[in-house]
$ cat work-v2.cif   # mmCIF, C-alpha atoms
data_target
loop_
_atom_site.label_atom_id
_atom_site.label_comp_id
_atom_site.auth_asym_id
_atom_site.auth_seq_id
_atom_site.Cartn_x
_atom_site.Cartn_y
_atom_site.Cartn_z
CA MET A 1 107.79 58.09 121.67
CA ALA A 2 106.69 56.09 118.67
CA ARG A 3 109.33 55.62 115.97
CA LEU A 4 108.75 54.96 112.30
CA THR A 5 111.56 52.54 111.52
CA ALA A 6 110.86 51.22 108.03
CA GLY A 7 108.65 51.18 104.98
CA VAL A 8 107.66 48.16 102.93
CA GLY A 9 106.28 48.20 99.40
CA CYS A 10 104.55 45.03 98.35
CA SER A 11 102.04 43.66 95.84
CA HIS A 12 98.89 42.03 97.19
CA VAL A 13 98.00 39.58 94.40
CA PRO A 14 95.16 37.39 95.74
CA ALA A 15 96.67 34.30 94.10
CA ILE A 16 99.69 34.63 96.44
CA GLY A 17 97.35 34.28 99.41
CA ILE A 18 95.56 31.37 97.79
CA ALA A 19 98.88 29.63 97.08
CA MET A 20 99.84 29.95 100.76
CA ASP A 21 96.39 28.89 101.99
CA GLN A 22 96.46 25.81 99.74
CA GLY A 23 100.07 24.98 100.61
CA ILE A 24 101.29 24.98 97.01
CA THR A 25 104.11 27.52 97.35
CA GLU A 26 106.65 24.77 96.56
CA GLN A 27 105.23 24.26 93.09
CA PRO A 28 107.56 25.37 90.27
CA TYR A 29 105.17 28.17 89.27
CA TRP A 30 105.38 29.75 92.72
CA ILE A 31 108.97 29.07 93.82
CA PRO A 32 110.54 32.17 92.21
CA ALA A 33 107.82 34.45 93.61
CA PHE A 34 108.24 33.19 97.17
CA GLU A 35 112.06 33.01 97.13
CA GLY A 36 112.08 36.78 97.12
CA PHE A 37 110.17 36.86 100.42
CA GLU A 38 112.59 34.66 102.39
CA PHE A 39 114.82 37.60 103.29
CA SER A 40 111.75 39.68 104.18
CA ARG A 41 110.40 37.16 106.67
CA LYS A 42 113.75 36.89 108.44
CA TRP A 43 114.07 40.68 108.41
CA MET A 44 110.58 41.01 109.97
CA LYS A 45 111.63 38.66 112.80
CA ASP A 46 114.83 40.64 113.39
CA ASN A 47 113.09 44.01 113.32
CA LYS A 48 109.78 43.02 114.84
CA PRO A 49 107.31 45.90 114.63
CA ASP A 50 104.76 46.65 117.36
CA VAL A 51 102.38 48.17 114.84
CA ILE A 52 102.10 48.19 111.06
CA PHE A 53 100.36 51.14 109.44
CA LEU A 54 99.06 49.30 106.41
CA VAL A 55 97.98 51.22 103.30
CA TYR A 56 95.91 49.06 101.00
CA ASN A 57 92.80 49.08 98.87
CA ASP A 58 89.52 47.35 99.34
CA HIS A 59 88.17 45.35 96.38
CA CYS A 60 84.42 45.97 96.72
CA THR A 61 84.44 44.13 100.05
CA ALA A 62 83.99 46.63 102.89
CA PHE A 63 82.81 49.20 100.35
CA ASP A 64 80.70 48.47 97.31
CA ALA A 65 79.65 51.00 94.68
CA SER A 66 77.24 52.62 97.13
CA CYS A 67 80.00 54.23 99.19
CA ILE A 68 83.47 55.12 97.93
CA PRO A 69 85.65 56.96 100.46
CA THR A 70 88.96 58.19 99.07
CA PHE A 71 90.81 57.59 102.35
CA ALA A 72 89.28 55.48 105.14
CA LEU A 73 91.21 54.96 108.38
CA GLY A 74 90.51 51.89 110.49
CA CYS A 75 89.95 52.73 114.15
CA ALA A 76 88.45 49.38 115.22
CA ALA A 77 89.66 46.91 117.84
CA GLU A 78 89.75 44.15 115.25
CA TYR A 79 89.23 43.52 111.56
CA HIS A 80 87.85 40.23 110.34
CA PRO A 81 89.05 38.68 107.08
CA ALA A 82 86.12 38.97 104.66
CA ASP A 83 84.42 36.37 102.52
CA GLU A 84 85.24 37.61 99.01
CA GLY A 85 83.05 34.99 97.39
CA TRP A 86 85.11 31.88 98.06
CA GLY A 87 85.13 31.89 101.89
CA PRO A 88 87.29 34.00 104.24
CA ARG A 89 91.05 33.37 104.11
CA PRO A 90 92.12 31.01 106.91
CA VAL A 91 94.28 33.62 108.64
CA PRO A 92 93.96 35.22 112.09
CA VAL A 93 91.71 38.15 112.84
CA VAL A 94 93.72 41.36 112.44
CA LYS A 95 93.99 43.27 115.73
CA GLY A 96 94.01 47.05 115.71
CA HIS A 97 95.82 49.56 117.91
CA GLN A 98 92.82 51.71 118.73
CA ARG A 99 94.56 54.39 120.73
CA LEU A 100 97.13 54.96 118.00
CA SER A 101 94.37 54.96 115.35
CA SER A 102 92.47 57.64 117.26
CA HIS A 103 95.60 59.73 117.66
CA ILE A 104 96.41 59.49 113.95
CA ALA A 105 92.82 60.33 112.98
CA GLN A 106 92.80 63.44 115.12
CA SER A 107 96.27 64.57 114.10
CA VAL A 108 95.86 63.95 110.36
CA ILE A 109 92.41 65.56 110.10
CA LEU A 110 93.67 68.70 111.87
CA ASP A 111 96.54 68.52 109.37
CA GLU A 112 93.82 69.03 106.71
CA PHE A 113 93.43 65.48 105.39
CA ASP A 114 89.72 64.70 105.64
CA LEU A 115 89.72 61.00 106.42
CA THR A 116 86.72 58.74 106.75
CA ILE A 117 86.78 56.89 110.07
CA MET A 118 85.90 53.19 110.13
CA ASN A 119 84.93 51.80 113.52
CA GLU A 120 83.92 48.52 111.92
CA MET A 121 85.51 47.13 108.79
CA GLU A 122 86.13 43.76 107.23
CA VAL A 123 89.42 43.42 105.42
CA ASP A 124 90.09 41.56 102.18
CA HIS A 125 93.15 40.16 100.43
CA GLY A 126 94.45 43.69 99.89
CA LEU A 127 95.40 43.75 103.58
CA THR A 128 95.86 40.09 104.51
CA VAL A 129 98.10 39.08 101.57
CA PRO A 130 100.86 41.60 102.45
CA MET A 131 100.67 40.34 106.06
CA SER A 132 101.06 36.76 104.84
CA ILE A 133 103.91 37.71 102.52
CA MET A 134 105.87 39.39 105.30
CA PHE A 135 105.09 37.02 108.19
CA GLY A 136 104.70 33.71 106.36
CA GLU A 137 102.03 31.18 107.30
CA VAL A 138 100.23 32.03 110.55
CA ALA A 139 97.56 29.60 111.75
CA GLN A 140 94.02 30.93 111.90
CA ASP A 141 93.72 30.33 115.66
CA ASP A 142 97.08 31.97 116.31
CA ASP A 143 97.80 35.71 116.42
CA TRP A 144 99.53 37.94 113.88
CA PRO A 145 102.85 39.03 115.41
CA CYS A 146 101.82 42.69 115.65
CA LEU A 147 98.92 45.14 115.65
CA VAL A 148 97.71 46.95 112.53
CA VAL A 149 96.31 50.37 111.69
CA PRO A 150 94.72 50.04 108.24
CA LEU A 151 94.27 52.85 105.77
CA CYS A 152 92.05 52.00 102.86
CA VAL A 153 92.50 54.02 99.64
CA ASN A 154 90.03 54.12 96.77
CA VAL A 155 91.75 52.93 93.61
CA VAL A 156 88.74 51.16 92.08
CA GLN A 157 86.80 54.15 90.81
CA TYR A 158 88.83 56.65 88.81
CA PRO A 159 90.31 58.96 89.89
CA PRO A 160 92.15 57.70 92.93
CA PRO A 161 93.93 60.39 94.94
CA THR A 162 96.99 61.76 93.13
CA GLY A 163 100.45 60.43 93.89
CA ASN A 164 101.31 63.81 95.36
CA ARG A 165 98.26 63.78 97.66
CA CYS A 166 99.23 60.31 98.86
CA PHE A 167 102.82 61.44 99.42
CA GLN A 168 101.67 64.47 101.43
CA LEU A 169 99.29 62.30 103.46
CA GLY A 170 102.27 60.08 104.23
CA LYS A 171 104.04 63.12 105.67
CA ALA A 172 101.01 63.93 107.84
CA ILE A 173 100.89 60.33 109.08
CA ARG A 174 104.57 60.61 109.95
CA ARG A 175 103.93 63.75 111.98
CA ALA A 176 101.18 61.89 113.80
CA ILE A 177 103.37 58.89 114.56
CA ASP A 178 106.26 61.12 115.70
CA SER A 179 103.96 62.85 118.18
CA TYR A 180 102.53 59.68 119.72
CA ASP A 181 103.56 59.26 123.34
CA GLU A 182 104.01 55.48 123.57
CA ASP A 183 107.31 53.77 122.83
CA LEU A 184 106.42 51.81 119.69
CA ASN A 185 108.28 50.42 116.72
CA VAL A 186 106.00 51.34 113.81
CA MET A 187 106.42 50.28 110.19
CA ILE A 188 104.42 51.48 107.24
CA PHE A 189 103.39 49.31 104.30
CA GLY A 190 102.35 50.60 100.88
CA THR A 191 100.73 47.81 98.92
CA GLY A 192 99.32 46.99 95.49
CA GLY A 193 100.75 46.95 91.98
CA MET A 194 102.89 46.54 90.16
CA SER A 195 102.01 46.78 86.46
CA HIS A 196 98.87 44.81 85.70
CA GLN A 197 95.65 45.08 83.79
CA LEU A 198 92.82 42.73 84.69
CA GLN A 199 90.17 43.94 82.26
CA ALA A 200 89.14 43.89 78.59
CA GLU A 201 91.26 43.19 75.51
CA ARG A 202 94.51 44.60 76.93
CA ALA A 203 94.40 42.34 80.03
CA GLY A 204 97.75 40.78 80.90
CA LEU A 205 99.76 43.95 80.27
CA ILE A 206 103.10 43.99 82.10
CA ASN A 207 105.71 46.74 81.88
CA ALA A 208 108.77 45.46 83.73
CA ASP A 209 111.09 48.29 82.68
CA TRP A 210 108.64 50.85 84.02
CA ASP A 211 108.17 48.91 87.26
CA LYS A 212 111.92 48.69 87.86
CA ARG A 213 112.30 52.42 87.32
CA PHE A 214 109.49 52.97 89.81
CA LEU A 215 111.31 50.85 92.41
CA ASP A 216 114.51 52.86 91.78
CA MET A 217 112.58 56.09 92.28
CA MET A 218 111.02 54.81 95.50
CA THR A 219 114.50 54.65 96.99
CA GLU A 220 116.28 57.52 95.31
CA ASP A 221 113.80 60.08 94.04
CA PRO A 222 110.48 59.79 95.85
CA ILE A 223 109.37 63.34 95.03
CA ALA A 224 109.70 62.70 91.29
CA ALA A 225 107.83 59.41 91.76
CA SER A 226 104.99 61.22 93.53
CA GLN A 227 104.52 63.42 90.44
CA ILE A 228 103.76 60.53 88.06
CA THR A 229 100.41 61.30 86.44
CA HIS A 230 97.34 59.08 86.52
CA GLU A 231 97.43 58.94 82.73
CA GLU A 232 100.94 57.50 82.84
CA TYR A 233 99.91 54.78 85.31
CA LEU A 234 96.90 53.84 83.20
CA ARG A 235 98.73 53.82 79.89
CA GLU A 236 102.11 52.42 80.93
CA THR A 237 101.24 50.06 83.77
CA GLY A 238 97.69 48.93 82.97
CA SER A 239 94.37 50.09 84.36
CA GLU A 240 94.97 48.34 87.68
CA GLY A 241 98.62 49.44 87.93
CA ILE A 242 97.31 52.75 89.24
CA GLU A 243 97.19 51.03 92.64
CA MET A 244 100.81 52.07 92.93
CA VAL A 245 99.69 55.51 94.16
CA MET A 246 99.38 53.80 97.54
CA TRP A 247 103.14 53.30 97.71
CA HIS A 248 103.56 57.08 97.91
CA VAL A 249 101.77 57.20 101.27
CA MET A 250 104.41 54.81 102.57
CA ARG A 251 107.28 56.70 100.98
CA GLY A 252 106.01 60.10 102.08
CA ALA A 253 106.07 58.93 105.68
CA LEU A 254 109.76 57.98 105.52
CA ASN A 255 112.80 60.26 105.59
CA ASP A 256 113.99 61.77 102.32
CA LYS A 257 117.00 59.45 102.49
CA VAL A 258 116.38 55.79 103.23
CA LYS A 259 118.41 52.60 103.08
CA GLU A 260 117.11 50.01 100.65
CA VAL A 261 117.84 46.63 102.25
CA HIS A 262 115.86 44.36 99.96
CA ARG A 263 114.17 44.29 96.57
CA HIS A 264 112.30 41.59 94.69
CA TYR A 265 110.59 41.65 91.31
CA HIS A 266 108.94 38.74 89.57
CA VAL A 267 106.54 38.13 86.68
CA PRO A 268 103.99 36.62 86.83
CA ALA A 269 101.74 35.93 89.78
CA SER A 270 98.46 35.21 88.05
CA ASN A 271 97.91 38.38 85.94
CA THR A 272 100.31 40.60 87.80
CA ALA A 273 103.91 41.70 88.23
CA VAL A 274 105.02 41.24 91.84
CA GLY A 275 107.15 44.03 93.28
CA HIS A 276 108.58 44.32 96.75
CA ILE A 277 111.00 46.66 98.49
CA ILE A 278 112.15 47.23 102.08
CA LEU A 279 113.34 50.70 103.03
CA GLU A 280 114.91 51.33 106.44
CA ASN A 281 114.36 54.72 107.96
CA HIS A 282 117.52 55.66 109.88
CA GLU A 283 117.84 58.90 111.80
CA MET B 284 86.00 66.99 81.42
CA GLU B 285 88.96 65.97 79.28
CA LYS B 286 89.48 62.21 79.28
CA ASN B 287 92.94 61.73 77.87
CA TYR B 288 92.81 58.06 78.90
CA GLU B 289 90.08 57.23 76.39
CA ASP B 290 92.66 56.55 73.68
CA ILE B 291 94.20 53.62 75.57
CA PRO B 292 93.33 50.49 73.58
CA GLY B 293 91.36 47.58 75.02
CA THR B 294 90.67 49.43 78.27
CA TYR B 295 87.59 50.89 79.96
CA VAL B 296 88.67 53.29 82.69
CA PHE B 297 86.06 53.02 85.44
CA ASP B 298 85.50 56.72 85.96
CA ALA B 299 82.60 58.55 87.60
CA ASP B 300 80.52 58.45 84.38
CA ARG B 301 80.96 54.69 83.97
CA SER B 302 80.32 54.22 87.67
CA ARG B 303 77.00 56.05 87.36
CA GLU B 304 75.96 54.11 84.26
CA GLY B 305 76.99 50.79 85.72
CA TYR B 306 75.70 51.26 89.26
CA HIS B 307 72.87 48.72 89.27
CA LEU B 308 74.83 46.27 87.12
CA ASN B 309 77.73 46.42 89.56
CA MET B 310 75.46 46.10 92.59
CA PHE B 311 73.94 43.01 90.97
CA CYS B 312 77.40 41.53 90.37
CA ILE B 313 78.65 42.21 93.90
CA SER B 314 75.52 40.58 95.33
CA MET B 315 76.98 37.28 94.08
CA ARG B 316 79.34 37.37 97.06
CA GLN B 317 76.50 36.12 99.24
CA ALA B 318 75.40 32.50 99.24
CA ASN B 319 71.65 33.22 99.51
CA ASN B 320 71.85 35.50 96.46
CA ARG B 321 73.80 32.91 94.49
CA LYS B 322 71.08 30.40 95.34
CA ALA B 323 68.33 32.75 94.15
CA MET B 324 70.26 33.49 90.95
CA LYS B 325 70.69 29.77 90.26
CA GLU B 326 67.03 29.00 90.85
CA ASP B 327 65.55 31.75 88.70
CA PRO B 328 68.06 34.03 86.96
CA GLU B 329 65.44 36.23 85.29
CA ALA B 330 63.56 36.84 88.52
CA TYR B 331 66.80 37.61 90.32
CA LEU B 332 68.01 39.94 87.57
CA ALA B 333 64.67 41.75 87.64
CA LYS B 334 65.45 42.95 91.16
CA TYR B 335 68.13 45.24 89.77
CA PRO B 336 66.93 48.18 87.65
CA MET B 337 69.67 47.95 85.04
CA THR B 338 69.20 48.73 81.35
CA GLU B 339 68.00 46.05 78.95
CA GLU B 340 71.39 46.16 77.23
CA GLN B 341 73.13 45.46 80.52
CA ARG B 342 70.66 42.68 81.32
CA GLN B 343 71.31 41.09 77.93
CA ALA B 344 75.08 41.33 78.39
CA VAL B 345 74.63 39.52 81.72
CA ARG B 346 72.57 36.78 80.02
CA ASP B 347 75.20 36.49 77.27
CA ARG B 348 78.07 36.66 79.75
CA ASP B 349 79.60 39.12 77.28
CA TRP B 350 82.42 40.15 79.59
CA ASN B 351 83.82 43.02 77.51
CA ARG B 352 80.36 44.40 76.77
CA LEU B 353 79.65 44.44 80.52
CA LEU B 354 82.71 46.67 80.97
CA GLU B 355 81.65 48.88 78.08
CA LEU B 356 78.24 49.34 79.73
CA GLY B 357 79.69 50.54 83.03
CA GLY B 358 80.68 47.30 84.70
CA ASN B 359 83.91 47.20 86.64
CA ILE B 360 86.18 44.18 86.60
CA TYR B 361 86.20 43.78 90.41
CA TYR B 362 82.42 43.47 90.20
CA THR B 363 82.03 41.46 86.99
CA SER B 364 84.62 39.00 88.29
CA LYS B 365 82.14 38.10 91.06
CA LEU B 366 79.66 37.05 88.39
CA ALA B 367 82.44 35.06 86.73
CA ALA B 368 83.21 33.40 90.08
CA PHE B 369 79.52 32.52 90.34
CA ASP B 370 79.96 30.69 87.02
CA GLY B 371 83.07 28.95 88.35
CA ILE B 372 85.43 30.98 86.15
CA THR B 373 88.79 31.95 87.67
CA PHE B 374 90.22 35.43 87.28
CA GLN B 375 92.88 34.23 84.87
CA ASP B 376 90.37 32.34 82.73
CA LEU B 377 88.18 35.43 82.68
CA ALA B 378 91.17 37.42 81.45
CA ALA B 379 91.72 34.87 78.68
CA MET B 380 88.07 35.17 77.64
CA MET B 381 88.21 38.98 77.55
CA THR B 382 91.33 38.92 75.40
CA GLY B 383 89.92 36.31 73.04
CA VAL B 384 92.55 33.62 73.51
CA SER B 385 92.52 30.17 75.07
CA ARG B 386 93.34 29.61 78.72
CA GLU B 387 96.64 27.97 77.68
CA GLU B 388 97.65 30.81 75.37
CA TYR B 389 96.91 33.40 78.04
CA ARG B 390 98.81 31.49 80.71
CA ASP B 391 101.81 31.09 78.37
CA MET B 392 101.74 34.81 77.59
CA MET B 393 101.91 35.60 81.32
CA LEU B 394 104.68 33.05 81.90
CA ASN B 395 106.63 34.72 79.11
CA GLY B 396 106.48 38.12 80.80
CA GLY B 397 102.95 39.22 80.01
CA ARG B 398 101.57 41.43 77.24
CA SER B 399 104.26 43.86 76.09
CA ILE B 400 103.65 47.57 76.43
CA GLU B 401 105.11 48.06 72.95
CA GLY B 402 102.31 48.64 70.45
CA ASN B 403 99.72 48.70 73.24
CA ARG B 404 99.76 52.30 74.41
CA TYR B 405 97.41 53.99 71.94
CA LYS B 406 94.29 52.98 70.04
CA SER B 407 95.98 54.23 66.86
CA GLU B 408 98.59 51.49 67.26
CA TRP B 409 95.85 48.84 67.26
CA GLU B 410 94.07 50.34 64.27
CA LYS B 411 97.21 50.11 62.14
CA SER B 412 97.66 46.39 62.70
#

$ encode --input "work-v2.cif" --output "structure tokens"
Amino acid sequence: MARLTAGVGCSHVPAIGIAMDQGITEQPYWIPAFEGFEFSRKWMKDNKPDVIFLVYNDHCTAFDASCIPTFALGCAAEYHPADEGWGPRPVPVVKGHQRLSSHIAQSVILDEFDLTIMNEMEVDHGLTVPMSIMFGEVAQDDDWPCLVVPLCVNVVQYPPPTGNRCFQLGKAIRRAIDSYDEDLNVMIFGTGGMSHQLQAERAGLINADWDKRFLDMMTEDPIAASQITHEEYLRETGSEGIEMVMWHVMRGALNDKVKEVHRHYHVPASNTAVGHIILENHE
Amino acid sequence: MEKNYEDIPGTYVFDADRSREGYHLNMFCISMRQANNRKAMKEDPEAYLAKYPMTEEQRQAVRDRDWNRLLELGGNIYYTSKLAAFDGITFQDLAAMMTGVSREEYRDMMLNGGRSIEGNRYKSEWEKS
């Protein structure tokens, strides 16, 4: 049977992808951000997943204002990196696990989560930057080391789904993975955040104390974390910090008790606080 | 509908009302992702803008590249940043422009840990200072 072995929380700052694509990660500005990923890349090699269930948000790439699904599950054979206005990232095409996607879609919808199903979808930095962070540089004509099932969450138009809804969806995804009949090592990623505001006069807001408490809660008190209100995200972590609701899908899928094996927090990457955590899911 | 987030200073929460008001503006901005549209916009901005039935206020804010006004009129930052990219403005420089400081000042603020949350939670805190 499929086993959910770990959860990863991780920011998806586009500038991190650009720094890797341009080969400037050794510059003093970037060194402290990337040092915190060295452990993660070794850990990924040691614990190689077959499939990553990757929760992320689209930035007006696959979906523009004309169509805004709250939860959209990728069920495609492959997902091409999109041109976000400065050319597609030079990373491999992301390969899906279609049979697992179909199983999760059927299981989760019967579990009363009304997902949108995407049989074709381009993916933007929201998905490819976490892949790059965790796997390091992978040449465009090479393959990513594992397959991906993407789940795209609306966090652009307010309101995104509540933290609690995301947490409960995580539990439904876990039930789906647990009931899948192939022997697979599955990991789940929750991406986005941490505190950041990209817009208007308050742009540049960072709330490191809040972020660190959030990381503590991810490990120790996920139910309390899932109850954080939208107003608190907006006010305390910036208008774009509300992306952190996506981490609750990841955490909801894991056991109540997890083992935190790695944490990294750094300010800044461009306009954003970078947060990262690895949680192992032991039986 | 109670909007308890409207008292956050320097912030336009892109809710369903703003999304409705800004729809054509945002669709114009996102069209800048495509090279053929960028070419048309370069060649004849007024003709290109005329294809999108936005309000005159929105159109003027586009002409003026008044980045905060665009947000006030229903623009969303993920969309307006595509117009900025069309102008060759990076995300961080756009942030500097919206906050009214120089590129260097903004970058230094971020390197020093970003804008503090203290004094930046409520509009009333901004009105006092």

$ atom_distance --input "work-v2.cif" --atom1 "CA of Glu340 in chain B" --atom2 "CA of Asn359 in chain B"
15.7 Å

$ residues_around --input "work-v2.cif" --residues "Arg89 in chain A" --least-positions-apart "3" --cutoff "12 Å" --atoms "all atoms listed in the file" --output "PyMOL selection string"
chain A and resi 14-22+80-86+92-94+122-129+132+137-140

$ interface_residues --input "work-v2.cif" --of "chain A" --to "chain B" --cutoff "7 Å" --atoms "only C-alpha atoms" --output "JSON, numbers by chain"
{"A": [59, 60, 65, 84, 85, 157, 158, 159, 198, 199, 200, 201, 202, 203, 204, 205, 206, 207, 231, 235, 236, 239, 267, 268, 270, 271]}

$ atom_distance --input "work-v2.cif" --atom1 "CA of Gly241 in chain A" --atom2 "CA of Phe214 in chain A"
11.6 Å

$ residues_around --input "work-v2.cif" --residues "Glu240 in chain A" --least-positions-apart "4" --cutoff "8 Å" --atoms "all atoms listed in the file" --output "ChimeraX atom specification"
/A:193,195-198,234

$ atom_distance --input "work-v2.cif" --atom1 "CA of Leu151 in chain A" --atom2 "CA of Asp111 in chain A"
16.2 Å

$ resolve_selection --input "work-v2.cif" --expression "the PyMOL selection byres ((chain A and resi 7) around 6)" --output "list of chain:residue names"
A:Ala6, A:Val8, A:Met187, A:Ile188, A:Phe189, A:Leu279

$ residues_around --input "work-v2.cif" --residues "range 42-56 of chain A" --least-positions-apart "6" --cutoff "9 Å" --atoms "only C-alpha atoms" --output "PyMOL selection string"
chain A and resi 5+12+96-97+126-127+130+134-135+145-154+184-192+243+246-247+249-250

$ write_last_selection --input "work-v2.cif" --atoms "C-alpha atoms" --output "short mmCIF file (atom, residue, chain, number, x, y, z; two decimals), keeping the file's coordinate frame"
data_model
loop_
_atom_site.label_atom_id
_atom_site.label_comp_id
_atom_site.auth_asym_id
_atom_site.auth_seq_id
_atom_site.Cartn_x
_atom_site.Cartn_y
_atom_site.Cartn_z
CA THR A 5 111.56 52.54 111.52
CA HIS A 12 98.89 42.03 97.19
CA GLY A 96 94.01 47.05 115.71
CA HIS A 97 95.82 49.56 117.91
CA GLY A 126 94.45 43.69 99.89
CA LEU A 127 95.40 43.75 103.58
CA PRO A 130 100.86 41.60 102.45
CA MET A 134 105.87 39.39 105.30
CA PHE A 135 105.09 37.02 108.19
CA PRO A 145 102.85 39.03 115.41
CA CYS A 146 101.82 42.69 115.65
CA LEU A 147 98.92 45.14 115.65
CA VAL A 148 97.71 46.95 112.53
CA VAL A 149 96.31 50.37 111.69
CA PRO A 150 94.72 50.04 108.24
CA LEU A 151 94.27 52.85 105.77
CA CYS A 152 92.05 52.00 102.86
CA VAL A 153 92.50 54.02 99.64
CA ASN A 154 90.03 54.12 96.77
CA LEU A 184 106.42 51.81 119.69
CA ASN A 185 108.28 50.42 116.72
CA VAL A 186 106.00 51.34 113.81
CA MET A 187 106.42 50.28 110.19
CA ILE A 188 104.42 51.48 107.24
CA PHE A 189 103.39 49.31 104.30
CA GLY A 190 102.35 50.60 100.88
CA THR A 191 100.73 47.81 98.92
CA GLY A 192 99.32 46.99 95.49
CA GLU A 243 97.19 51.03 92.64
CA MET A 246 99.38 53.80 97.54
CA TRP A 247 103.14 53.30 97.71
CA VAL A 249 101.77 57.20 101.27
CA MET A 250 104.41 54.81 102.57
#

$ closest_residue --input "work-v2.cif" --among "A:Arg263, A:Ala225, A:Ala72, A:Asn119" --to "Glu35 in chain A" --atoms "only C-alpha atoms"
A:Arg263

$ residues_near_point --input "work-v2.cif" --point "(73.4, 31.0, 87.8)" --cutoff "10 Å" --atoms "all atoms listed in the file" --output "PyMOL selection string"
chain B and resi 315+320-329+331+346+366-367+369-371

$ write_last_selection --input "work-v2.cif" --atoms "C-alpha atoms" --output "PDB file, in the coordinates of the input"
ATOM      1  CA  MET B 315      76.980  37.280  94.080  1.00  0.00           C
ATOM      2  CA  ASN B 320      71.850  35.500  96.460  1.00  0.00           C
ATOM      3  CA  ARG B 321      73.800  32.910  94.490  1.00  0.00           C
ATOM      4  CA  LYS B 322      71.080  30.400  95.340  1.00  0.00           C
ATOM      5  CA  ALA B 323      68.330  32.750  94.150  1.00  0.00           C
ATOM      6  CA  MET B 324      70.260  33.490  90.950  1.00  0.00           C
ATOM      7  CA  LYS B 325      70.690  29.770  90.260  1.00  0.00           C
ATOM      8  CA  GLU B 326      67.030  29.000  90.850  1.00  0.00           C
ATOM      9  CA  ASP B 327      65.550  31.750  88.700  1.00  0.00           C
ATOM     10  CA  PRO B 328      68.060  34.030  86.960  1.00  0.00           C
ATOM     11  CA  GLU B 329      65.440  36.230  85.290  1.00  0.00           C
ATOM     12  CA  TYR B 331      66.800  37.610  90.320  1.00  0.00           C
ATOM     13  CA  ARG B 346      72.570  36.780  80.020  1.00  0.00           C
ATOM     14  CA  LEU B 366      79.660  37.050  88.390  1.00  0.00           C
ATOM     15  CA  ALA B 367      82.440  35.060  86.730  1.00  0.00           C
ATOM     16  CA  PHE B 369      79.520  32.520  90.340  1.00  0.00           C
ATOM     17  CA  ASP B 370      79.960  30.690  87.020  1.00  0.00           C
ATOM     18  CA  GLY B 371      83.070  28.950  88.350  1.00  0.00           C
TER      19      GLY B 371
END
